[in-house]
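Chemist: One structure coming up, written as structure tokens, with questions to follow.
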Amino acid sequence: MSTHDATAPSASRTGTTKRPAPGRALAVGLVGLAVAGLGYFVSGPASFAMAWLVGFIYWIAVALGVLLLVMIHHIFDASWSVMLRRQFEHWLSSFRYLLLLFLPLLAIAWIHPSLIWTWMDPHFNLAAIGGHGLVGSDLDLHKKAAFLNRNFFTGFSLFAILVWTGLSGVFRRNSFAQDRDGSVRWTMSSRKWAAGGIPLVAITLTAAIILWVKSIEYHWFSTMYGVWFFSDCVRAALSLGLLIMIWLWCRGDYKGLLNDNHLHSIGQLMLAFTVFWAYISFSQYFLIWNANVPEETFWYNIREYGDWWYVSLFLVFGNFLAPFLVLLMYPVKVNKKVFPWVGIFIALVVLVDICYNAMPARLTPTGNPLPFFSVNLVWVAAAVVGMGGICVWSYLRSFSTAKLIPIRDPRIAECLTYHKPNAD
Amino acid sequence: MSTQPYGLIAMYDTPADIMHAAEQVRDAGYKFWDVIAPFPLHGLDRAMGIRRSRVPRISILGGITGFTTGMSLIYWVGAVHYRVTIGGKPFFSPLFAFPVSYELTILFTAFATIGGMFLLNKLPMHYHPVMKHPTIDRGSNDRFFLVIETRDPRFNPANTRALLETSGGREIAELEA
């Protein structure tokens with residue numbers, strides 16, 4: 001444990017030089033959301049609802065991954081990630097806007113739940129999605145009703161997002177306050193909050209993703225689901241972190257601060273979580289394939305229908321094999337021209353993975369899903385771009401309010417000379 | 001027996017000294033030389049001009065061998081040599097063969113990595129001429145040494161000694177082979 005307060009490496013390096021324009025990001029965000037809104041009138045309310053859900057899940061995944069990485073940083077007393085942590089803290093400001101972006105989903109749940117969550121509507125006729133009988137007389141749902149009911153859905157969703165927002169606020173306050181007084185107690189406070197926050201976020205994100213996405217197919221069982229979502233969260237956040245590092249390098253802010261070892265470290269984590277995602281996804285598929293009981297296999301049967309089969313194969317080769325082989329190579333991980341493309345690719349395949357989990361849940365009366373490649377994909381893309389614009393806007397607004405790196409963090413000197421020769 | 005000495009050895013006091021000396025020897029174009037330090041020095045590999053290890057190339061060959069061994073073993077056993085229908089499953093599927101293949105990938109990668117490391121670093125080495133140097137034990141305690149071998153094409157008793165001197169080396173001595 002270090003108890004000294006580090007001093008700034010050099011004043012000229014740490015001030016924010018150019019101020020980015022958050023306004024443009026907000027404009028992109030609003031246009032994206034408007035285009036997604038157009039989907040309501042072109043493809044119908046159900047398509048709009050699904051697009052909004054996918055967009056929301058993607059950006060809450062990014063924000064949750066960022067929150068988890070910040071907490072993991074604190075609990076391990078890590079040094080290499082100190083300067084990236086500041087950017088993550090800026091990103092954490094997006095939770096409060098994600099809470100606003102969740103409200104339309106809450107409205108859907110109370111006004112017209114069968115647009116997404118059929119189980120909330122006891123009068124919904126399952127024949128509309130290839131089943132039979134009413135939801136209200138479905139014994140499977142009765143057994144799960146203690147968890148799957150609209151009041152719990154509402155209360156827990158709000159509770160979870162508020163917990164995440166609150167934790168984010170604590171880590172942001174501690175870090176920014178340390179910039180002012182340099183006290184090590186902020187580091188200690190963050191470490192304690194991280195110790196409690198990690199299990200809290202693990203449990204809340206598991207329950208939240210089960211309520212928001214998995215429950216659409218409420219007959220299904222999988223104990224891997226929360227862990228699957230966790231792996232996607234962290235992969236998306238690591239890609240974001242990499243892209244921020246490269247962006248700040250290209251802007252000039254990170255010149256003299258960022259070295260190859262920082263990129264190598266984030267690359268190693270990206271490789272580890274690529275393998276972790278594959279491990280989780282394969283385990284889920286393998287157990288269901290092996291047991292071969294209809295209560296579970298239907299979920300994958302739906303996802304082998306039509307072009308979803310190719311999406312499944314893309315996930316195997318694009319979400320695992322390709323990034324795995326590329327990330328094995330050291331030269332890729334320290335190449336500032338090639339590596340960001342790996343980050344962009346992983347960020348996109350994580351989106352495809354979320355689409356794969358959410359979108360086929362919407363079935364036609366034949367019991368088959370709508371195709372992946374359809375006009376609905378436009379509304380999904382618009383919602384993702386739109387909410388992304390809002391999150392970037394929130395990040396950029398926070399970006400100019402604090403120093404580029406936490407200059408008085410006890411580990412900042414270690415971070416800036418990370419694995420570099422200590423002899424000069 | 002050749003009477004030619006093994007090389008020249010010089011002693012340095014601090015990590016900074018040895019780092020700068022290594023840079024000078026590297027820039028002078030020497031190939032057969034080494035640094036002895038009591039602890040790992042970050043950046044010494046760069047100062048010595050050493051490229052990244054080739055062990056990963058051996059590792060990946062081990063990994064590929066392990067994966068194909070697992071897959072082909074299970075294929076041969078289940079689908080060719082001893083066909084038994086179990087639970088209505090196909091005789092062979094990469095799905096149930098995957099966990100085993102994956103374990104073998106890890107196992108063979110580990111073997112290849114350990115083996116490749118010993119192959120490339122030539123350990124265990126039971127004899128090395130520097131062991132005869134009277135103060136070499138300081139090299140595992142508080143001093144740093146730099147050894148240039150006589151087999152290096154650029155080696156020249158006078159010039160090499162001069163280089164070690166200008167780089168700050170002390171107690172320069174010839175090593176018996």
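Note on naming: chains are A, B, ... as they come in the structure tokens, residues start from 1 per chain, ligands start from 1 in the order shown.
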Write out as JSON lines a residue-level contact list of chain B versus chain A with cut-off 10 Å: for each qualifying residue the closest pair of atoms and the distance in Å to one decimal, counting only C-alpha atoms, rows sorted by chain and residue number upward.

Modeler:
{"residue": "B:Thr14", "atom": "CA", "partner": "A:Ala423", "partner_atom": "CA", "distance": 8.6}
{"residue": "B:Pro15", "atom": "CA", "partner": "A:Ala423", "partner_atom": "CA", "distance": 6.1}
{"residue": "B:Ala16", "atom": "CA", "partner": "A:Ala423", "partner_atom": "CA", "distance": 4.4}
{"residue": "B:Asp17", "atom": "CA", "partner": "A:Ala423", "partner_atom": "CA", "distance": 8.2}
{"residue": "B:Ile18", "atom": "CA", "partner": "A:Ala423", "partner_atom": "CA", "distance": 9.2}
{"residue": "B:Met19", "atom": "CA", "partner": "A:Ala423", "partner_atom": "CA", "distance": 7.2}
{"residue": "B:His20", "atom": "CA", "partner": "A:Ala423", "partner_atom": "CA", "distance": 8.8}
{"residue": "B:Leu41", "atom": "CA", "partner": "A:Pro421", "partner_atom": "CA", "distance": 7.1}
{"residue": "B:His42", "atom": "CA", "partner": "A:Pro421", "partner_atom": "CA", "distance": 4.8}
{"residue": "B:Gly43", "atom": "CA", "partner": "A:Pro421", "partner_atom": "CA", "distance": 4.5}
{"residue": "B:Leu44", "atom": "CA", "partner": "A:Pro421", "partner_atom": "CA", "distance": 7.2}
{"residue": "B:Asp45", "atom": "CA", "partner": "A:Pro421", "partner_atom": "CA", "distance": 9.8}
{"residue": "B:Arg46", "atom": "CA", "partner": "A:Pro421", "partner_atom": "CA", "distance": 9.2}
{"residue": "B:Ala47", "atom": "CA", "partner": "A:Pro421", "partner_atom": "CA", "distance": 9.1}
{"residue": "B:Arg52", "atom": "CA", "partner": "A:Tyr330", "partner_atom": "CA", "distance": 9.2}
{"residue": "B:Pro56", "atom": "CA", "partner": "A:Met329", "partner_atom": "CA", "distance": 8.9}
{"residue": "B:Arg57", "atom": "CA", "partner": "A:Met329", "partner_atom": "CA", "distance": 10.0}
{"residue": "B:Ile60", "atom": "CA", "partner": "A:Leu328", "partner_atom": "CA", "distance": 9.4}
{"residue": "B:Gly87", "atom": "CA", "partner": "A:Asn290", "partner_atom": "CA", "distance": 9.0}
{"residue": "B:Gly88", "atom": "CA", "partner": "A:Asn292", "partner_atom": "CA", "distance": 9.9}
{"residue": "B:Lys89", "atom": "CA", "partner": "A:Asn290", "partner_atom": "CA", "distance": 8.4}
{"residue": "B:Leu95", "atom": "CA", "partner": "A:Phe286", "partner_atom": "CA", "distance": 6.7}
{"residue": "B:Phe96", "atom": "CA", "partner": "A:Phe286", "partner_atom": "CA", "distance": 7.4}
{"residue": "B:Phe98", "atom": "CA", "partner": "A:Phe286", "partner_atom": "CA", "distance": 9.3}
{"residue": "B:Pro99", "atom": "CA", "partner": "A:Ser283", "partner_atom": "CA", "distance": 9.3}

Chemist: May I ask for the distance between atom CA of Trp110 of chain A and atom CA of Val135 of chain A, given in Å to one decimal place?

Modeler: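 So the answer is 16.2 Å.
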
Chemist: Please provide the set of residues having any atom within 7 Å of segment 115-128 of chain B, restricted to only C-alpha atoms, with same-chain residues fewer than 3 positions apart removed, written as a ChimeraX atom specification.

Modeler: /B:55,58,111-112,131

Chemist: Env of Cys233 of chain A: 6 Å cut, atoms = only C-alpha atoms, seq-sep filter 4 positions within chain, self excluded. Answer as a list of chain:residue names.

Modeler: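 Using only C-alpha atoms, the neighbours found are A:Ala61, A:Val62, A:Gly65.
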
Chemist: Export, as a PDB file, in the first residue's frame, the selected residues with N, CA and C atoms.

Modeler:
ATOM      1  N   ALA A  61     -24.690  -1.766 -21.272  1.00  0.00           N
ATOM      2  CA  ALA A  61     -23.598  -2.747 -21.174  1.00  0.00           C
ATOM      3  C   ALA A  61     -22.255  -2.033 -21.158  1.00  0.00           C
ATOM      4  N   VAL A  62     -22.090  -1.054 -22.050  1.00  0.00           N
ATOM      5  CA  VAL A  62     -20.832  -0.302 -22.092  1.00  0.00           C
ATOM      6  C   VAL A  62     -20.603   0.378 -20.740  1.00  0.00           C
ATOM      7  N   GLY A  65     -19.794  -2.078 -18.014  1.00  0.00           N
ATOM      8  CA  GLY A  65     -18.435  -2.583 -18.163  1.00  0.00           C
ATOM      9  C   GLY A  65     -17.429  -1.568 -17.659  1.00  0.00           C
TER      10      GLY A  65
END

Chemist: If we count only C-alpha atoms and set the cut-off at 6 Å, which residues sit around segment 49-54 of chain A, ignoring sequence neighbours fewer than 6 positions away in its own chain? Please answer as a PDB file with C-alpha atoms, in the first residue's frame.

Modeler:
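Contents of around.pdb, freshly written:
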ATOM      1  CA  TRP A 379     -34.085   1.212 -36.462  1.00  0.00           C
ATOM      2  CA  VAL A 380     -31.786  -0.816 -34.234  1.00  0.00           C
ATOM      3  CA  ALA A 383     -31.233   3.629 -31.719  1.00  0.00           C
TER       4      ALA A 383
END

Chemist: Would you please give, as a VMD selection string, all residues of segment 262-370 of chain A that DSSP assigns to helix (DSSP H, G or I) based on the backbone?

Modeler: chain A and resid 262 to 291 294 to 302 308 to 327 330 to 333 339 to 361

Chemist: Compile the contact shell of Asp34 of chain B as a PyMOL selection string: residues with an atom at most 12 Å away, counting only C-alpha atoms, same-chain residues fewer than 6 positions apart removed.

Modeler: chain B and resi 7-10+18-19+21-23+25-26+44-45+47-50+130+144-149+152

Chemist: Please, what distance in Å, to one decimal, runs between atom CA of Phe153 of chain A and atom CA of Leu167 of chain A?

Modeler: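 One can read the atom CA of Phe153 of chain A to atom CA of Leu167 of chain A distance as 21.0 Å.
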
Chemist: Tell me which protein, DNA and RNA residues are within 9 Å of segment 88-102 of chain A, counting only C-alpha atoms, leaving out same-chain ones fewer than 6 positions away, and put them as a PyMOL selection string.

Modeler: chain A and resi 52-53+56+59-60+63-64+66-67+69-70+157-158+161-162+164-165+168-169+171-172+175+237+241+387+390-399+402

Chemist: My list of candidates is B:Asn159, B:Ser167, B:Ser140, B:Thr113. Which is closest to Arg54 of chain B when distances are computed with only C-alpha atoms?

Modeler: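 Ranking B:Asn159, B:Ser167, B:Ser140, B:Thr113 by distance to Arg54 of chain B, first place goes to B:Thr113.
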
Chemist: To one decimal in Å, tell me the separation between atom CA of Leu257 of chain A and atom CA of Lys403 of chain A.

Modeler: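 So the answer is 13.6 Å.
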
Chemist: Write down as a VMD selection string the residues of segment 112-172 of chain B whose backbone DSSP state falls under strand (DSSP E).

Modeler: chain B and resid 144 to 149 170 to 172

Chemist: For Val293 of chain A, which residue out of A:Tyr310, A:Phe176, A:Trp277, A:Phe221 is the nearest one, using only C-alpha atoms?

Modeler: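 Answer, going by the shortest atom-to-atom distance: A:Phe221.
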